[in-house]
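Text of upload-v1.cif (mmCIF, C-alpha atoms, pLDDT in the B column; chains and numbers go by the auth columns) as supplied:
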```
data_model
loop_
_atom_site.group_PDB
_atom_site.id
_atom_site.type_symbol
_atom_site.label_atom_id
_atom_site.label_comp_id
_atom_site.label_asym_id
_atom_site.label_seq_id
_atom_site.Cartn_x
_atom_site.Cartn_y
_atom_site.Cartn_z
_atom_site.B_iso_or_equiv
_atom_site.auth_seq_id
_atom_site.auth_asym_id
ATOM 1 C CA MET A 1 1.886 -32.089 -6.584 46.00 12 A
ATOM 2 C CA SER A 2 -0.873 -34.207 -5.078 43.00 13 A
ATOM 3 C CA SER A 3 -4.145 -32.746 -3.876 48.00 14 A
ATOM 4 C CA SER A 4 -3.180 -33.751 -0.340 48.00 15 A
ATOM 5 C CA THR A 5 -0.251 -31.331 -0.583 49.00 16 A
ATOM 6 C CA VAL A 6 -1.980 -28.303 -2.109 55.00 17 A
ATOM 7 C CA GLY A 7 -5.618 -29.081 -1.296 51.00 18 A
ATOM 8 C CA SER A 8 -8.556 -29.959 -3.508 50.00 19 A
ATOM 9 C CA PRO A 9 -9.731 -27.551 -6.241 53.00 20 A
ATOM 10 C CA GLY A 10 -11.883 -24.766 -4.846 58.00 21 A
ATOM 11 C CA THR A 11 -10.645 -25.117 -1.270 73.00 22 A
ATOM 12 C CA PRO A 12 -9.005 -22.293 0.712 77.00 23 A
ATOM 13 C CA ARG A 13 -5.825 -24.378 0.888 78.00 24 A
ATOM 14 C CA ARG A 14 -5.585 -24.613 -2.899 77.00 25 A
ATOM 15 C CA TYR A 15 -6.327 -20.883 -3.190 82.00 26 A
ATOM 16 C CA ALA A 16 -3.583 -20.037 -0.689 83.00 27 A
ATOM 17 C CA HIS A 17 -1.119 -22.303 -2.479 78.00 28 A
ATOM 18 C CA SER A 18 -1.873 -20.700 -5.863 78.00 29 A
ATOM 19 C CA LEU A 19 -1.658 -17.239 -4.330 83.00 30 A
ATOM 20 C CA TRP A 20 1.760 -18.005 -2.862 80.00 31 A
ATOM 21 C CA LEU A 21 3.061 -19.415 -6.164 83.00 32 A
ATOM 22 C CA LEU A 22 1.897 -16.379 -8.167 79.00 33 A
ATOM 23 C CA SER A 23 3.256 -13.910 -5.616 79.00 34 A
ATOM 24 C CA GLY A 24 6.576 -15.748 -5.580 78.00 35 A
ATOM 25 C CA ARG A 25 6.652 -15.596 -9.373 75.00 36 A
ATOM 26 C CA ASP A 26 6.135 -11.834 -9.278 74.00 37 A
ATOM 27 C CA LEU A 27 9.037 -11.390 -6.859 74.00 38 A
ATOM 28 C CA ARG A 28 11.357 -13.661 -8.849 74.00 39 A
ATOM 29 C CA VAL A 29 10.577 -11.861 -12.104 72.00 40 A
ATOM 30 C CA ARG A 30 11.105 -8.486 -10.434 69.00 41 A
ATOM 31 C CA TYR A 31 14.545 -9.333 -9.028 67.00 42 A
ATOM 32 C CA ALA A 32 15.862 -12.070 -11.349 66.00 43 A
ATOM 33 C CA THR A 33 17.608 -9.658 -13.732 62.00 44 A
ATOM 34 C CA SER A 34 18.303 -6.943 -11.167 60.00 45 A
ATOM 35 C CA PHE A 35 21.843 -6.522 -9.875 56.00 46 A
ATOM 36 C CA LEU A 36 20.743 -4.496 -6.856 61.00 47 A
ATOM 37 C CA GLY A 37 17.816 -6.813 -6.083 61.00 48 A
ATOM 38 C CA TYR A 38 16.462 -6.141 -2.581 64.00 49 A
ATOM 39 C CA ILE A 39 17.939 -2.641 -2.502 72.00 50 A
ATOM 40 C CA TRP A 40 15.327 -1.493 -5.013 68.00 51 A
ATOM 41 C CA SER A 41 12.626 -2.238 -2.409 68.00 52 A
ATOM 42 C CA VAL A 42 13.959 0.524 -0.187 74.00 53 A
ATOM 43 C CA LEU A 43 15.768 2.856 -2.585 76.00 54 A
ATOM 44 C CA ASP A 44 12.666 4.758 -3.722 76.00 55 A
ATOM 45 C CA PRO A 45 11.346 5.630 -0.222 79.00 56 A
ATOM 46 C CA LEU A 46 14.884 6.364 0.981 80.00 57 A
ATOM 47 C CA VAL A 47 15.548 8.826 -1.843 83.00 58 A
ATOM 48 C CA MET A 48 12.151 10.460 -1.316 81.00 59 A
ATOM 49 C CA SER A 49 12.775 10.695 2.438 82.00 60 A
ATOM 50 C CA ALA A 50 16.223 12.225 1.877 83.00 61 A
ATOM 51 C CA ILE A 51 14.815 14.846 -0.505 85.00 62 A
ATOM 52 C CA TYR A 52 11.974 15.896 1.791 81.00 63 A
ATOM 53 C CA TRP A 53 14.241 15.825 4.846 83.00 64 A
ATOM 54 C CA PHE A 54 16.747 18.096 3.092 85.00 65 A
ATOM 55 C CA VAL A 55 14.099 20.511 1.787 82.00 66 A
ATOM 56 C CA PHE A 56 12.171 20.819 5.040 78.00 67 A
ATOM 57 C CA THR A 57 15.081 20.813 7.486 79.00 68 A
ATOM 58 C CA GLN A 58 18.030 22.326 5.594 77.00 69 A
ATOM 59 C CA VAL A 59 16.421 24.692 3.058 74.00 70 A
ATOM 60 C CA PHE A 60 13.148 25.792 4.645 71.00 71 A
ATOM 61 C CA GLN A 61 12.068 26.212 8.245 73.00 72 A
ATOM 62 C CA ARG A 62 9.837 23.213 8.897 72.00 73 A
ATOM 63 C CA SER A 63 6.573 23.788 10.786 72.00 74 A
ATOM 64 C CA VAL A 64 4.995 20.349 10.330 78.00 75 A
ATOM 65 C CA GLY A 65 5.843 16.794 11.358 80.00 76 A
ATOM 66 C CA GLU A 66 7.801 15.493 14.338 86.00 77 A
ATOM 67 C CA ASP A 67 11.443 14.953 15.286 86.00 78 A
ATOM 68 C CA PRO A 68 13.405 12.988 14.242 90.00 79 A
ATOM 69 C CA TYR A 69 11.865 14.050 10.943 90.00 80 A
ATOM 70 C CA ILE A 70 13.647 11.394 8.867 90.00 81 A
ATOM 71 C CA VAL A 71 11.914 8.643 10.910 92.00 82 A
ATOM 72 C CA PHE A 72 8.632 10.559 10.677 93.00 83 A
ATOM 73 C CA LEU A 73 8.968 10.471 6.882 92.00 84 A
ATOM 74 C CA ILE A 74 10.158 6.894 6.440 92.00 85 A
ATOM 75 C CA VAL A 75 7.481 5.361 8.670 94.00 86 A
ATOM 76 C CA ALA A 76 4.815 6.730 6.304 94.00 87 A
ATOM 77 C CA LEU A 77 6.701 6.577 3.002 92.00 88 A
ATOM 78 C CA LEU A 78 7.326 2.817 3.243 93.00 89 A
ATOM 79 C CA PRO A 79 3.603 1.917 3.429 95.00 90 A
ATOM 80 C CA TRP A 80 2.859 4.604 0.833 96.00 91 A
ATOM 81 C CA VAL A 81 5.224 2.895 -1.639 93.00 92 A
ATOM 82 C CA TRP A 82 3.367 -0.374 -0.962 95.00 93 A
ATOM 83 C CA PHE A 83 0.009 1.344 -1.542 97.00 94 A
ATOM 84 C CA ASN A 84 1.122 3.268 -4.627 95.00 95 A
ATOM 85 C CA ALA A 85 2.806 0.287 -6.304 92.00 96 A
ATOM 86 C CA ALA A 86 -0.121 -2.046 -5.610 95.00 97 A
ATOM 87 C CA VAL A 87 -2.802 0.342 -6.899 96.00 98 A
ATOM 88 C CA GLY A 88 -0.695 1.070 -9.969 94.00 99 A
ATOM 89 C CA ASP A 89 -0.412 -2.667 -10.704 92.00 100 A
ATOM 90 C CA PHE A 90 -4.167 -3.151 -10.169 94.00 101 A
ATOM 91 C CA THR A 91 -4.794 -1.174 -13.357 93.00 102 A
ATOM 92 C CA ARG A 92 -2.957 -3.876 -15.361 90.00 103 A
ATOM 93 C CA ALA A 93 -3.792 -6.892 -13.201 88.00 104 A
ATOM 94 C CA PHE A 94 -5.984 -8.680 -15.755 89.00 105 A
ATOM 95 C CA ARG A 95 -4.616 -7.428 -19.064 85.00 106 A
ATOM 96 C CA LYS A 96 -1.042 -8.332 -18.129 82.00 107 A
ATOM 97 C CA ASP A 97 -1.940 -12.037 -17.701 77.00 108 A
ATOM 98 C CA ALA A 98 -5.042 -12.130 -19.903 79.00 109 A
ATOM 99 C CA ARG A 99 -4.391 -15.644 -21.216 81.00 110 A
ATOM 100 C CA LEU A 100 -3.949 -17.157 -17.777 79.00 111 A
ATOM 101 C CA VAL A 101 -6.938 -15.268 -16.390 80.00 112 A
ATOM 102 C CA LYS A 102 -9.188 -16.689 -19.116 79.00 113 A
ATOM 103 C CA SER A 103 -7.770 -20.217 -19.263 75.00 114 A
ATOM 104 C CA THR A 104 -7.279 -21.132 -15.590 75.00 115 A
ATOM 105 C CA ALA A 105 -10.012 -22.260 -13.223 72.00 116 A
ATOM 106 C CA ILE A 106 -8.657 -20.504 -10.133 78.00 117 A
ATOM 107 C CA PRO A 107 -10.753 -17.610 -8.765 83.00 118 A
ATOM 108 C CA ARG A 108 -9.997 -14.381 -10.633 85.00 119 A
ATOM 109 C CA SER A 109 -9.633 -12.446 -7.388 88.00 120 A
ATOM 110 C CA ILE A 110 -6.277 -14.164 -6.962 90.00 121 A
ATOM 111 C CA TRP A 111 -4.787 -11.872 -9.633 89.00 122 A
ATOM 112 C CA ILE A 112 -5.525 -8.955 -7.326 92.00 123 A
ATOM 113 C CA ASN A 113 -4.558 -10.575 -4.055 92.00 124 A
ATOM 114 C CA ARG A 114 -1.187 -11.710 -5.420 90.00 125 A
ATOM 115 C CA ILE A 115 -0.311 -8.054 -6.060 92.00 126 A
ATOM 116 C CA VAL A 116 -1.266 -7.126 -2.491 94.00 127 A
ATOM 117 C CA LEU A 117 0.806 -10.017 -1.138 92.00 128 A
ATOM 118 C CA SER A 118 3.918 -9.540 -3.286 89.00 129 A
ATOM 119 C CA LYS A 119 4.031 -5.780 -2.662 91.00 130 A
ATOM 120 C CA GLY A 120 3.319 -6.430 1.018 93.00 131 A
ATOM 121 C CA ILE A 121 6.301 -8.784 1.230 89.00 132 A
ATOM 122 C CA GLU A 122 8.494 -6.066 -0.281 88.00 133 A
ATOM 123 C CA PHE A 123 7.158 -3.683 2.368 92.00 134 A
ATOM 124 C CA LEU A 124 8.057 -6.120 5.149 91.00 135 A
ATOM 125 C CA PHE A 125 11.541 -6.549 3.657 87.00 136 A
ATOM 126 C CA SER A 126 12.015 -2.783 3.821 88.00 137 A
ATOM 127 C CA LEU A 127 11.217 -2.488 7.542 91.00 138 A
ATOM 128 C CA PRO A 128 14.829 -3.131 8.698 88.00 139 A
ATOM 129 C CA VAL A 129 15.685 0.224 7.104 87.00 140 A
ATOM 130 C CA LEU A 130 13.128 1.911 9.371 90.00 141 A
ATOM 131 C CA VAL A 131 14.644 0.144 12.383 90.00 142 A
ATOM 132 C CA LEU A 132 18.163 1.304 11.462 88.00 143 A
ATOM 133 C CA PHE A 133 17.112 4.942 11.043 88.00 144 A
ATOM 134 C CA ALA A 134 15.121 4.815 14.279 90.00 145 A
ATOM 135 C CA VAL A 135 18.161 3.511 16.167 90.00 146 A
ATOM 136 C CA PHE A 136 20.728 5.894 14.691 87.00 147 A
ATOM 137 C CA SER A 137 18.478 8.968 14.953 86.00 148 A
ATOM 138 C CA GLY A 138 17.656 8.256 18.587 86.00 149 A
ATOM 139 C CA ALA A 139 13.919 7.813 18.085 87.00 150 A
ATOM 140 C CA THR A 140 12.032 6.535 21.116 89.00 151 A
ATOM 141 C CA VAL A 141 9.639 3.600 20.925 90.00 152 A
ATOM 142 C CA SER A 142 6.439 3.272 22.946 91.00 153 A
ATOM 143 C CA TRP A 143 3.746 0.661 23.451 92.00 154 A
ATOM 144 C CA GLY A 144 1.964 2.286 20.538 91.00 155 A
ATOM 145 C CA LEU A 145 4.159 0.141 18.319 93.00 156 A
ATOM 146 C CA LEU A 146 1.620 -2.631 18.956 95.00 157 A
ATOM 147 C CA TRP A 147 -0.687 -0.744 16.573 96.00 158 A
ATOM 148 C CA PHE A 148 1.774 -1.337 13.722 96.00 159 A
ATOM 149 C CA PRO A 149 0.385 -4.816 12.808 96.00 160 A
ATOM 150 C CA VAL A 150 -3.146 -3.395 12.984 97.00 161 A
ATOM 151 C CA ALA A 151 -2.137 -0.757 10.425 97.00 162 A
ATOM 152 C CA ILE A 152 -0.808 -3.510 8.148 97.00 163 A
ATOM 153 C CA ILE A 153 -4.076 -5.447 8.402 97.00 164 A
ATOM 154 C CA MET A 154 -6.127 -2.327 7.666 97.00 165 A
ATOM 155 C CA GLN A 155 -3.952 -1.535 4.660 98.00 166 A
ATOM 156 C CA VAL A 156 -4.379 -5.084 3.325 97.00 167 A
ATOM 157 C CA VAL A 157 -8.171 -4.776 3.650 97.00 168 A
ATOM 158 C CA LEU A 158 -8.103 -1.386 1.912 97.00 169 A
ATOM 159 C CA LEU A 159 -5.891 -2.612 -0.927 97.00 170 A
ATOM 160 C CA VAL A 160 -7.934 -5.747 -1.565 97.00 171 A
ATOM 161 C CA GLY A 161 -11.101 -3.649 -1.719 97.00 172 A
ATOM 162 C CA LEU A 162 -9.525 -1.112 -4.065 97.00 173 A
ATOM 163 C CA GLY A 163 -8.097 -3.885 -6.228 96.00 174 A
ATOM 164 C CA LEU A 164 -11.495 -5.514 -6.631 95.00 175 A
ATOM 165 C CA LEU A 165 -12.809 -2.108 -7.757 95.00 176 A
ATOM 166 C CA VAL A 166 -9.964 -0.806 -9.904 94.00 177 A
ATOM 167 C CA ALA A 167 -8.857 -3.955 -11.743 94.00 178 A
ATOM 168 C CA PRO A 168 -12.152 -4.856 -13.468 94.00 179 A
ATOM 169 C CA LEU A 169 -13.068 -1.216 -14.169 94.00 180 A
ATOM 170 C CA CYS A 170 -9.712 -0.630 -15.890 92.00 181 A
ATOM 171 C CA VAL A 171 -10.422 -3.547 -18.246 91.00 182 A
ATOM 172 C CA ILE A 172 -13.777 -2.050 -19.237 91.00 183 A
ATOM 173 C CA TYR A 173 -12.646 1.600 -19.269 90.00 184 A
ATOM 174 C CA SER A 174 -9.015 1.768 -20.416 85.00 185 A
ATOM 175 C CA ASP A 175 -8.701 5.511 -19.673 88.00 186 A
ATOM 176 C CA LEU A 176 -8.971 4.712 -15.954 90.00 187 A
ATOM 177 C CA GLU A 177 -5.353 3.511 -15.960 89.00 188 A
ATOM 178 C CA ARG A 178 -4.080 7.039 -16.636 91.00 189 A
ATOM 179 C CA THR A 179 -6.741 8.530 -14.375 93.00 190 A
ATOM 180 C CA THR A 180 -5.604 6.303 -11.511 93.00 191 A
ATOM 181 C CA ALA A 181 -2.004 7.475 -11.957 92.00 192 A
ATOM 182 C CA LEU A 182 -3.137 11.104 -11.663 94.00 193 A
ATOM 183 C CA VAL A 183 -5.269 10.351 -8.602 94.00 194 A
ATOM 184 C CA LEU A 184 -2.288 8.687 -6.915 95.00 195 A
ATOM 185 C CA ARG A 185 -0.174 11.808 -7.451 94.00 196 A
ATOM 186 C CA VAL A 186 -2.824 13.982 -5.833 94.00 197 A
ATOM 187 C CA LEU A 187 -3.381 11.464 -3.039 95.00 198 A
ATOM 188 C CA PHE A 188 0.302 11.576 -2.071 94.00 199 A
ATOM 189 C CA TYR A 189 0.021 15.241 -1.096 92.00 200 A
ATOM 190 C CA ALA A 190 -3.509 14.817 0.267 93.00 201 A
ATOM 191 C CA SER A 191 -2.301 12.126 2.679 94.00 202 A
ATOM 192 C CA PRO A 192 -0.398 12.831 5.922 94.00 203 A
ATOM 193 C CA ILE A 193 3.042 11.724 4.716 93.00 204 A
ATOM 194 C CA ILE A 194 5.254 14.823 4.808 91.00 205 A
ATOM 195 C CA TYR A 195 2.984 16.221 7.522 92.00 206 A
ATOM 196 C CA SER A 196 0.809 14.695 10.238 92.00 207 A
ATOM 197 C CA PHE A 197 -2.978 14.590 10.392 91.00 208 A
ATOM 198 C CA ARG A 198 -3.045 17.051 13.285 89.00 209 A
ATOM 199 C CA ASP A 199 -1.103 19.613 11.204 89.00 210 A
ATOM 200 C CA LEU A 200 -4.114 20.059 8.915 88.00 211 A
ATOM 201 C CA PRO A 201 -6.111 23.278 9.526 86.00 212 A
ATOM 202 C CA GLU A 202 -9.882 23.391 9.286 85.00 213 A
ATOM 203 C CA PRO A 203 -11.767 22.579 7.128 86.00 214 A
ATOM 204 C CA PHE A 204 -9.074 20.249 5.747 86.00 215 A
ATOM 205 C CA HIS A 205 -8.753 18.558 9.127 87.00 216 A
ATOM 206 C CA THR A 206 -12.347 17.327 8.910 89.00 217 A
ATOM 207 C CA ILE A 207 -12.098 16.478 5.211 90.00 218 A
ATOM 208 C CA GLY A 208 -8.768 14.692 5.734 91.00 219 A
ATOM 209 C CA ALA A 209 -10.329 12.326 8.270 91.00 220 A
ATOM 210 C CA PHE A 210 -12.196 10.681 5.388 94.00 221 A
ATOM 211 C CA ASN A 211 -8.947 9.718 3.707 95.00 222 A
ATOM 212 C CA PRO A 212 -8.506 6.084 4.848 95.00 223 A
ATOM 213 C CA LEU A 213 -4.732 6.480 4.705 96.00 224 A
ATOM 214 C CA ALA A 214 -4.886 9.147 7.437 95.00 225 A
ATOM 215 C CA GLY A 215 -5.910 6.667 10.118 96.00 226 A
ATOM 216 C CA ILE A 216 -3.575 3.962 8.795 97.00 227 A
ATOM 217 C CA PHE A 217 -0.533 6.262 8.811 97.00 228 A
ATOM 218 C CA THR A 218 -1.493 7.430 12.309 96.00 229 A
ATOM 219 C CA LEU A 219 -1.283 3.828 13.515 97.00 230 A
ATOM 220 C CA TYR A 220 2.069 3.322 11.808 97.00 231 A
ATOM 221 C CA ARG A 221 3.499 6.429 13.469 96.00 232 A
ATOM 222 C CA VAL A 222 2.039 6.281 16.948 96.00 233 A
ATOM 223 C CA GLY A 223 4.673 3.799 18.149 94.00 234 A
ATOM 224 C CA PHE A 224 7.382 6.394 17.531 95.00 235 A
ATOM 225 C CA PHE A 225 5.313 9.549 18.081 94.00 236 A
ATOM 226 C CA PRO A 226 2.652 8.866 20.771 93.00 237 A
ATOM 227 C CA ASP A 227 1.361 12.467 20.662 92.00 238 A
ATOM 228 C CA LEU A 228 0.000 11.831 17.163 93.00 239 A
ATOM 229 C CA TRP A 229 -2.650 9.425 18.466 94.00 240 A
ATOM 230 C CA ASP A 230 -6.103 10.486 17.311 93.00 241 A
ATOM 231 C CA PRO A 231 -9.025 8.017 17.466 94.00 242 A
ATOM 232 C CA VAL A 232 -11.180 9.927 14.946 94.00 243 A
ATOM 233 C CA PRO A 233 -9.192 9.249 11.745 94.00 244 A
ATOM 234 C CA VAL A 234 -8.407 5.718 12.938 96.00 245 A
ATOM 235 C CA LEU A 235 -12.079 4.858 13.458 97.00 246 A
ATOM 236 C CA VAL A 236 -13.133 6.518 10.191 96.00 247 A
ATOM 237 C CA SER A 237 -10.351 4.701 8.369 97.00 248 A
ATOM 238 C CA ALA A 238 -11.386 1.314 9.792 97.00 249 A
ATOM 239 C CA LEU A 239 -14.998 1.852 8.708 97.00 250 A
ATOM 240 C CA MET A 240 -13.950 3.041 5.257 97.00 251 A
ATOM 241 C CA CYS A 241 -11.602 0.065 4.747 97.00 252 A
ATOM 242 C CA VAL A 242 -14.426 -2.369 5.498 97.00 253 A
ATOM 243 C CA GLY A 243 -16.852 -0.371 3.354 97.00 254 A
ATOM 244 C CA ILE A 244 -14.445 -0.254 0.390 97.00 255 A
ATOM 245 C CA LEU A 245 -13.840 -3.997 0.708 97.00 256 A
ATOM 246 C CA ALA A 246 -17.592 -4.695 0.679 97.00 257 A
ATOM 247 C CA LEU A 247 -18.095 -2.368 -2.315 96.00 258 A
ATOM 248 C CA GLY A 248 -15.174 -3.992 -4.117 96.00 259 A
ATOM 249 C CA MET A 249 -16.511 -7.507 -3.591 95.00 260 A
ATOM 250 C CA TRP A 250 -19.966 -6.482 -4.817 95.00 261 A
ATOM 251 C CA THR A 251 -18.535 -4.691 -7.882 94.00 262 A
ATOM 252 C CA PHE A 252 -16.174 -7.520 -8.751 93.00 263 A
ATOM 253 C CA ARG A 253 -18.963 -10.084 -8.634 92.00 264 A
ATOM 254 C CA GLY A 254 -21.082 -8.017 -10.978 92.00 265 A
ATOM 255 C CA LEU A 255 -18.307 -7.269 -13.490 91.00 266 A
ATOM 256 C CA GLU A 256 -16.382 -10.559 -13.578 88.00 267 A
ATOM 257 C CA ALA A 257 -18.277 -11.980 -16.570 87.00 268 A
ATOM 258 C CA THR A 258 -17.912 -8.700 -18.478 88.00 269 A
ATOM 259 C CA VAL A 259 -14.176 -8.606 -17.782 88.00 270 A
ATOM 260 C CA LEU A 260 -13.697 -12.103 -19.232 85.00 271 A
ATOM 261 C CA LYS A 261 -15.492 -11.047 -22.410 84.00 272 A
ATOM 262 C CA GLU A 262 -13.327 -7.928 -22.760 84.00 273 A
ATOM 263 C CA LEU A 263 -9.991 -9.746 -22.343 74.00 274 A
#
```
What is this structure when it is put down as structure tokens?
Amino acid sequence: MSSSTVGSPGTPRRYAHSLWLLSGRDLRVRYATSFLGYIWSVLDPLVMSAIYWFVFTQVFQRSVGEDPYIVFLIVALLPWVWFNAAVGDFTRAFRKDARLVKSTAIPRSIWINRIVLSKGIEFLFSLPVLVLFAVFSGATVSWGLLWFPVAIIMQVVLLVGLGLLVAPLCVIYSDLERTTALVLRVLFYASPIIYSFRDLPEPFHTIGAFNPLAGIFTLYRVGFFPDLWDPVPVLVSALMCVGILALGMWTFRGLEATVLKEL
């Protein structure tokens, strides 16, 4: 391709073109040999939602969450799968493509951003499932649904910041890959997924506000459950997302040369 098509080296246009190509490659590799293909994008959150719905509505008397509970679960589990899969891939972002990372001239941050983009596309592809469950369960929709794109933007900012932190550190300290997996398990239950932020008692209510996912999940849910609106976790989450992004950029700049030596 000519430079007029993809842009000159070092330009945002060339970066965006390379990012799109790498993200597309990830998606093709993921689904090329898969018979079920797209279904895998939604199967994991659907199975998880079905299990928690059954346990908390059919086995035990549920005291948390909102009705319809299946929509309450799915609207948080879909972005959680995006978050969990992306952070998990960050731990192998550089080692997986070590040769390309060392031999190509494109900015190394692209190996992080392509994970955010490819997993984000899978998240967007899974949204029709949320729509179907919302329709068939009789969930109501309010103007709060306009916050949904804001939640996506905040999650992108958070993931990019975490990727810039996690990816280089995992190259230098290999044990962090397993540590990250353990942290993600704990974070699932520490985040308002099977419950809402307002269900947390003190002092966990105050502590939980400093989980950036609390405000993001609130924005995802408020379109279906307006009573869950709470500006405190949303504001804290926005500030933390920006702060984590700034910390990630600073850390990545300082460790990039070390990472290339370690690969």
Checklist entry - atom CA of A:Gly174 and atom CA of A:Phe101 are how many Å apart? => result 5.6 Å
When the PyMOL selection byres ((chain A and resi 77) around 10) is applied to the file above, which residues end up in the set, as a JSON list (two decimals) with C-alpha atoms, in the frame of the given file?
```json
[["chain", "number", "residue", "atom", "x", "y", "z"],
["A", 73, "ARG", "CA", 9.84, 23.21, 8.90],
["A", 74, "SER", "CA", 6.57, 23.79, 10.79],
["A", 75, "VAL", "CA", 5.00, 20.35, 10.33],
["A", 76, "GLY", "CA", 5.84, 16.79, 11.36],
["A", 78, "ASP", "CA", 11.44, 14.95, 15.29],
["A", 79, "PRO", "CA", 13.40, 12.99, 14.24],
["A", 80, "TYR", "CA", 11.86, 14.05, 10.94],
["A", 81, "ILE", "CA", 13.65, 11.39, 8.87],
["A", 82, "VAL", "CA", 11.91, 8.64, 10.91],
["A", 83, "PHE", "CA", 8.63, 10.56, 10.68],
["A", 84, "LEU", "CA", 8.97, 10.47, 6.88],
["A", 205, "ILE", "CA", 5.25, 14.82, 4.81],
["A", 206, "TYR", "CA", 2.98, 16.22, 7.52],
["A", 207, "SER", "CA", 0.81, 14.70, 10.24],
["A", 235, "PHE", "CA", 7.38, 6.39, 17.53],
["A", 236, "PHE", "CA", 5.31, 9.55, 18.08],
["A", 238, "ASP", "CA", 1.36, 12.47, 20.66],
["A", 239, "LEU", "CA", 0.00, 11.83, 17.16]]
```
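Note that atom CA of A:Leu173 and atom CA of A:Val243 are 22.0 Å apart.
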Item to check | Point (-11.5, -16.8, -20.1), cut-off 6 Å, counting only C-alpha atoms, residues as a PyMOL selection string | outcome: chain A and resi 113-114+271
Checklist entry - Of the candidates A:Phe208, A:Trp93, A:Trp261, A:Trp122, which one gets nearest to A:Phe105 if we count all atoms listed in the file? => result A:Trp122
